[in-house]
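Undergrad: For reference, the structure I am asking about is given below.
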2 protein chains.
Amino acid sequence: MAQLDTVSRILDTAETLFAEKGFAETSLRTITSKAKVNLAAVNYHFGSKKALIQAVFARYLDPFSESFNLEMDRLEAEYSGQEIPLEAVLQTLTQTVITMPSPTRNGLSVFMRLLGLAYTQAQGHMRRYLQEQYGTVFFRFTTMVREASSDLPDVERFWRLHFMLGSAVFTMSSLDALKDIAEKDFGEQTRVRDVVQRLIPFVSAGMSAPVTTIASTANAASEKM
Amino acid sequence: MAQLDTVSRILDTAETLFAEKGFAETSLRTITSKAKVNLAAVNYHFGSKKALIQAVFARYLDPFSESFNLEMDRLEAEYSGQEIPLEAVLQTLTQTVITMPSPTRNGLSVFMRLLGLAYTQAQGHMRRYLQEQYGTVFFRFTTMVREASSDLPDVERFWRLHFMLGSAVFTMSSLDALKDIAEKDFGEQTRVRDVVQRLIPFVSAGMSAPVTTIASTANAASEKM
DNA sequence: TTATGTTTCAAACATATGTTTGATAATGAG
DNA sequence: CTCATTATCAAACATATGTTTGAAACATAA
């Protein structure tokens, strides 16, 4: 089936190139020539470049969010009613990430970098797309985090959740570069799962750090913000 | 002096637009029309678009790295020879960030977002530029962090340093959006310094989290990485 | 004032981009 | 086989981009 072949060749190459250079910096001509398909193929099969970008994400995120929902079901069933510890919530997330059979030919790290790009480089349409498509899964996750850290003030948890997110997204989005450095400096190969396993204690400790009240100083008019 | 006026009008608008849309997505025509200068002005005063991007960073980072170096001198003098606690190192960094008189008309958060973009969206030239120009300051900082956490295995500290970096860069790069959400949800205004003060306990706790040894499982050939 | 160097400006240039087109080839059901 | 649908292809299209140009305006010092 030449049609499916073309479609997934485009998806694979686009994924790699987007991750390497970013969305705007990757042209359809680069994608199609590397994928050895005709230039018009992208518009024929996907409609537009924007749609191609979304398709690249959907191919990964659709099965992921399904798996993640199932895993969360399992977790809630396991703790039926009792409070779920934060570490368990995080482990569930990362286990889902790690054990998910990658629908792409490229590895997890390529996709992680893509996710990072989507979050920072997100022009309006991507952010909206991710929100609309996968907002409910994300909401369910944050709800679990809230219940797993009910002692934390809401504002504090809000910010710490994003600190946590930042550690993950940032690290993962530079993962290939960091793995190279780590291997050169410490002579040991690092796998995605290793990094993730290092990440969990870090963010767990961060989430349960003592809350220091913010001094509501009134003399803060000096800089614009 | 019409010349300086043109130059800094370009820098100001470029900074804002880059932060909003990214580098590739912001055209010279958009910049020059918003800044009410002629299109050719950018190439006349800066030479090229790349050079403009670097100038935007230099205007902020040059005074910053100078201040930061001074503050590190001060810190080392204060603890003359004794081990400097990690929190003190971090406080020094954040104090420098916060108290620095902003050379730009735009606030700190705009620049933070820029930094985040530079790190993730970095095409080769930016990464190289930042490394060459400010690599030594960064190295001095990481050295201080190492000495302030000498009990940590090198590999572990390497990754945790990037987790830390990630929290900061990621949060700061989305700061404006996050502040809006926080204000809507919790009805309290947040300043950059508040976020930073919340960040420090988080990353400090993360850095001194217990080290769990990574199980060197050999059956990890299932996914490509 | 005159002459020199600097800055601004509108226009053109060269190129790269996403998209569309119409023809040609491949495919598959009746 | 036949024919209608689907997929591929080279070429063209329309537009947006960074950069260059040469003339005009401006400033400054002799």
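Quick note on naming: the chains in the structure tokens go A, B, ... in the order shown, residues restart at 1 in each chain, and ligands are numbered from 1 in order of appearance.
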Quick one: residues within 9 Å of range 89-101 of chain B, only C-alpha atoms (C1' of nucleotides) counted, chain neighbours fewer than 4 positions away excluded, as a CSV table (one decimal) with N, CA, C and O atoms, in the first residue's frame?

TA:
chain,number,residue,atom,x,y,z
A,223,GLU,N,10.5,47.7,39.7
A,223,GLU,CA,10.7,47.2,38.4
A,223,GLU,C,9.3,46.8,37.8
A,223,GLU,O,8.4,46.5,38.5
B,63,PRO,N,25.5,43.2,31.1
B,63,PRO,CA,25.5,43.7,32.5
B,63,PRO,C,25.1,42.6,33.5
B,63,PRO,O,25.7,42.6,34.6
B,64,PHE,N,24.3,41.6,33.1
B,64,PHE,CA,24.0,40.6,34.0
B,64,PHE,C,25.2,39.8,34.4
B,64,PHE,O,25.4,39.6,35.6
B,67,SER,N,27.4,41.7,36.8
B,67,SER,CA,26.8,41.7,38.1
B,67,SER,C,27.0,40.4,38.8
B,67,SER,O,27.4,40.3,40.0
B,68,PHE,N,26.7,39.3,38.1
B,68,PHE,CA,26.7,38.0,38.7
B,68,PHE,C,28.1,37.6,39.1
B,68,PHE,O,28.3,37.1,40.2
B,71,GLU,N,28.8,39.5,42.3
B,71,GLU,CA,28.1,38.9,43.4
B,71,GLU,C,28.7,37.6,43.9
B,71,GLU,O,28.8,37.2,45.1
B,72,MET,N,29.3,36.8,42.9
B,72,MET,CA,30.0,35.6,43.3
B,72,MET,C,31.3,35.9,44.0
B,72,MET,O,31.7,35.2,44.9
B,75,LEU,N,30.2,36.6,47.4
B,75,LEU,CA,29.9,35.4,48.2
B,75,LEU,C,31.1,34.6,48.6
B,75,LEU,O,31.2,34.2,49.7
B,84,ILE,N,30.3,26.9,51.0
B,84,ILE,CA,29.1,27.7,50.8
B,84,ILE,C,27.9,26.8,50.6
B,84,ILE,O,27.9,25.9,49.8
B,85,PRO,N,26.8,27.1,51.4
B,85,PRO,CA,25.6,26.3,51.3
B,85,PRO,C,24.9,26.5,50.0
B,85,PRO,O,25.0,27.6,49.4
B,108,LEU,N,11.4,41.9,33.3
B,108,LEU,CA,12.2,40.7,33.4
B,108,LEU,C,11.6,39.5,32.8
B,108,LEU,O,12.2,38.7,32.1
B,141,PHE,N,29.5,29.2,37.9
B,141,PHE,CA,28.3,28.9,38.7
B,141,PHE,C,28.2,27.4,39.0
B,141,PHE,O,28.0,27.0,40.1
B,144,MET,N,30.5,26.3,41.6
B,144,MET,CA,30.1,26.6,42.9
B,144,MET,C,29.0,25.6,43.4
B,144,MET,O,29.0,25.2,44.5
B,145,VAL,N,28.1,25.3,42.4
B,145,VAL,CA,27.1,24.3,42.8
B,145,VAL,C,27.7,23.0,43.2
B,145,VAL,O,27.3,22.3,44.1
B,148,ALA,N,29.1,23.1,46.5
B,148,ALA,CA,28.1,23.2,47.5
B,148,ALA,C,27.2,22.0,47.7
B,148,ALA,O,26.3,21.9,48.5
B,192,VAL,N,7.6,38.6,39.8
B,192,VAL,CA,8.7,37.7,39.4
B,192,VAL,C,9.5,37.2,40.7
B,192,VAL,O,9.7,36.0,40.8
B,193,ARG,N,9.7,38.2,41.5
B,193,ARG,CA,10.5,37.8,42.7
B,193,ARG,C,9.7,36.8,43.6
B,193,ARG,O,10.3,35.9,44.2
B,196,VAL,N,10.3,33.4,42.0
B,196,VAL,CA,11.7,33.0,42.3
B,196,VAL,C,11.8,32.5,43.7
B,196,VAL,O,12.5,31.5,44.0
B,197,GLN,N,11.2,33.2,44.6
B,197,GLN,CA,11.3,32.8,46.0
B,197,GLN,C,10.6,31.5,46.3
B,197,GLN,O,10.9,30.8,47.2
B,200,ILE,N,13.1,28.6,44.8
B,200,ILE,CA,14.3,28.2,45.6
B,200,ILE,C,14.1,27.0,46.5
B,200,ILE,O,14.9,26.0,46.5
B,204,SER,N,16.0,23.5,45.9
B,204,SER,CA,16.9,23.1,47.0
B,204,SER,C,16.5,21.7,47.5
B,204,SER,O,17.4,20.8,47.6

Undergrad: How large is the C-alpha RMSD when chain B is optimally fitted onto chain A, using all Cα positions paired one-to-one in sequence order?

TA: 0.1 Å

Undergrad: With the cut-off set at 10 Å and counting only C-alpha atoms (C1' of nucleotides), tabulate each residue of chain B with an atom at most that distance from an atom of chain C, showing the nearest atom pair and its distance in Å to one decimal, ordered by chain and increasing number, as CSV.

TA:
residue,atom,partner,partner_atom,distance
B:Ala2,CA,C:DT7,C1',8.3
B:Gln3,CA,C:DT7,C1',7.0
B:Thr6,CA,C:DT7,C1',9.8
B:Val37,CA,C:DT8,C1',8.6
B:Asn38,CA,C:DC9,C1',6.7
B:Leu39,CA,C:DC9,C1',8.8
B:Ala40,CA,C:DC9,C1',8.3
B:Ala41,CA,C:DT8,C1',7.8
B:Tyr44,CA,C:DT7,C1',9.0
B:His45,CA,C:DT7,C1',9.6

Undergrad: Kindly determine which residues of chain B lie within 12 Å of chain D, considering only C-alpha atoms (C1' of nucleotides), and give the answer as a compact mmCIF listing (two decimals) with N, CA, C and O atoms, in the first residue's frame.

TA:
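Dumped to selection-v3.txt:
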# COMPACT_ATOMS: atom_id res chain seq x y z
N MET B 1 19.42 62.47 19.67
CA MET B 1 20.25 61.61 18.84
C MET B 1 19.38 60.55 18.15
O MET B 1 19.01 59.54 18.73
N ALA B 2 19.09 60.81 16.93
CA ALA B 2 18.14 59.96 16.23
C ALA B 2 18.69 58.54 16.05
O ALA B 2 17.95 57.58 15.98
N GLN B 3 20.01 58.44 16.00
CA GLN B 3 20.64 57.15 15.75
C GLN B 3 20.43 56.16 16.91
O GLN B 3 19.99 55.05 16.72
N ALA B 24 12.20 32.85 14.43
CA ALA B 24 11.92 32.64 13.01
C ALA B 24 10.56 33.22 12.63
O ALA B 24 10.36 33.66 11.50
N GLU B 25 9.64 33.22 13.57
CA GLU B 25 8.28 33.66 13.28
C GLU B 25 8.15 35.18 13.25
O GLU B 25 7.09 35.70 12.89
N THR B 26 9.17 35.87 13.68
CA THR B 26 9.11 37.33 13.70
C THR B 26 9.93 37.89 12.54
O THR B 26 11.14 37.70 12.48
N SER B 27 9.28 38.59 11.63
CA SER B 27 9.98 39.10 10.46
C SER B 27 10.52 40.50 10.73
O SER B 27 10.03 41.23 11.58
N LEU B 28 11.55 40.85 9.98
CA LEU B 28 12.12 42.19 10.11
C LEU B 28 11.08 43.25 9.77
O LEU B 28 11.09 44.35 10.34
N ARG B 29 10.20 42.92 8.84
CA ARG B 29 9.17 43.90 8.48
C ARG B 29 8.23 44.18 9.64
O ARG B 29 7.82 45.31 9.87
N THR B 30 7.88 43.14 10.37
CA THR B 30 7.02 43.34 11.54
C THR B 30 7.74 44.21 12.57
O THR B 30 7.17 45.15 13.13
N LEU B 39 12.69 49.72 7.07
CA LEU B 39 13.06 48.29 6.99
C LEU B 39 14.57 48.09 6.94
O LEU B 39 15.12 47.19 7.59
N ALA B 40 15.25 48.95 6.20
CA ALA B 40 16.69 48.77 6.02
C ALA B 40 17.49 49.07 7.29
O ALA B 40 18.68 48.77 7.37
N ALA B 41 16.83 49.67 8.27
CA ALA B 41 17.54 50.10 9.47
C ALA B 41 18.21 48.95 10.21
O ALA B 41 19.32 49.08 10.74
N VAL B 42 17.53 47.80 10.23
CA VAL B 42 18.09 46.66 10.95
C VAL B 42 19.42 46.25 10.32
O VAL B 42 20.43 46.10 11.01
N ASN B 43 19.42 46.09 8.99
CA ASN B 43 20.67 45.69 8.33
C ASN B 43 21.72 46.79 8.41
O ASN B 43 22.91 46.50 8.46
N TYR B 44 21.27 48.03 8.43
CA TYR B 44 22.25 49.11 8.52
C TYR B 44 22.90 49.12 9.90
O TYR B 44 24.12 49.22 10.01
N GLY B 47 23.50 44.70 10.85
CA GLY B 47 24.17 43.87 9.87
C GLY B 47 23.31 42.75 9.34
O GLY B 47 23.28 42.49 8.14
N SER B 48 22.62 42.08 10.24
CA SER B 48 21.77 40.98 9.82
C SER B 48 20.76 40.68 10.93
O SER B 48 20.84 41.22 12.02
N LYS B 49 19.84 39.80 10.62
CA LYS B 49 18.85 39.43 11.63
C LYS B 49 19.50 38.64 12.76
O LYS B 49 19.21 38.87 13.94
N LYS B 50 20.39 37.73 12.42
CA LYS B 50 21.11 36.98 13.46
C LYS B 50 21.80 37.92 14.43
O LYS B 50 21.76 37.75 15.64

Undergrad: What are the residues of chain B lining chain A at 6 Å or less? Count only C-alpha atoms, and put the answer as a count of residues only.

TA: 12

Undergrad: Using CA of Val137 in chain A and CA of Phe46 in chain A as the two end points, give the distance in Å to one decimal.

TA: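 Spanning CA of Val137 in chain A to CA of Phe46 in chain A is a straight-line distance of 25.6 Å.
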
Undergrad: Please, which residues of range 45-156 of chain B, numbered as in this document, come out helix (DSSP H, G or I) from DSSP, as a count of residues only?

TA: 86

Undergrad: Report the distance between CA of Ala14 in chain A and CA of Ala177 in chain A in Å, rounded to one decimal place.

TA: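 Separating CA of Ala14 in chain A from CA of Ala177 in chain A is a distance of 19.6 Å.
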
Undergrad: One number please: CA of Phe138 in chain A to CA of Asp62 in chain A, in Å, one decimal.

TA: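 Between CA of Phe138 in chain A and CA of Asp62 in chain A the gap is 12.9 Å.
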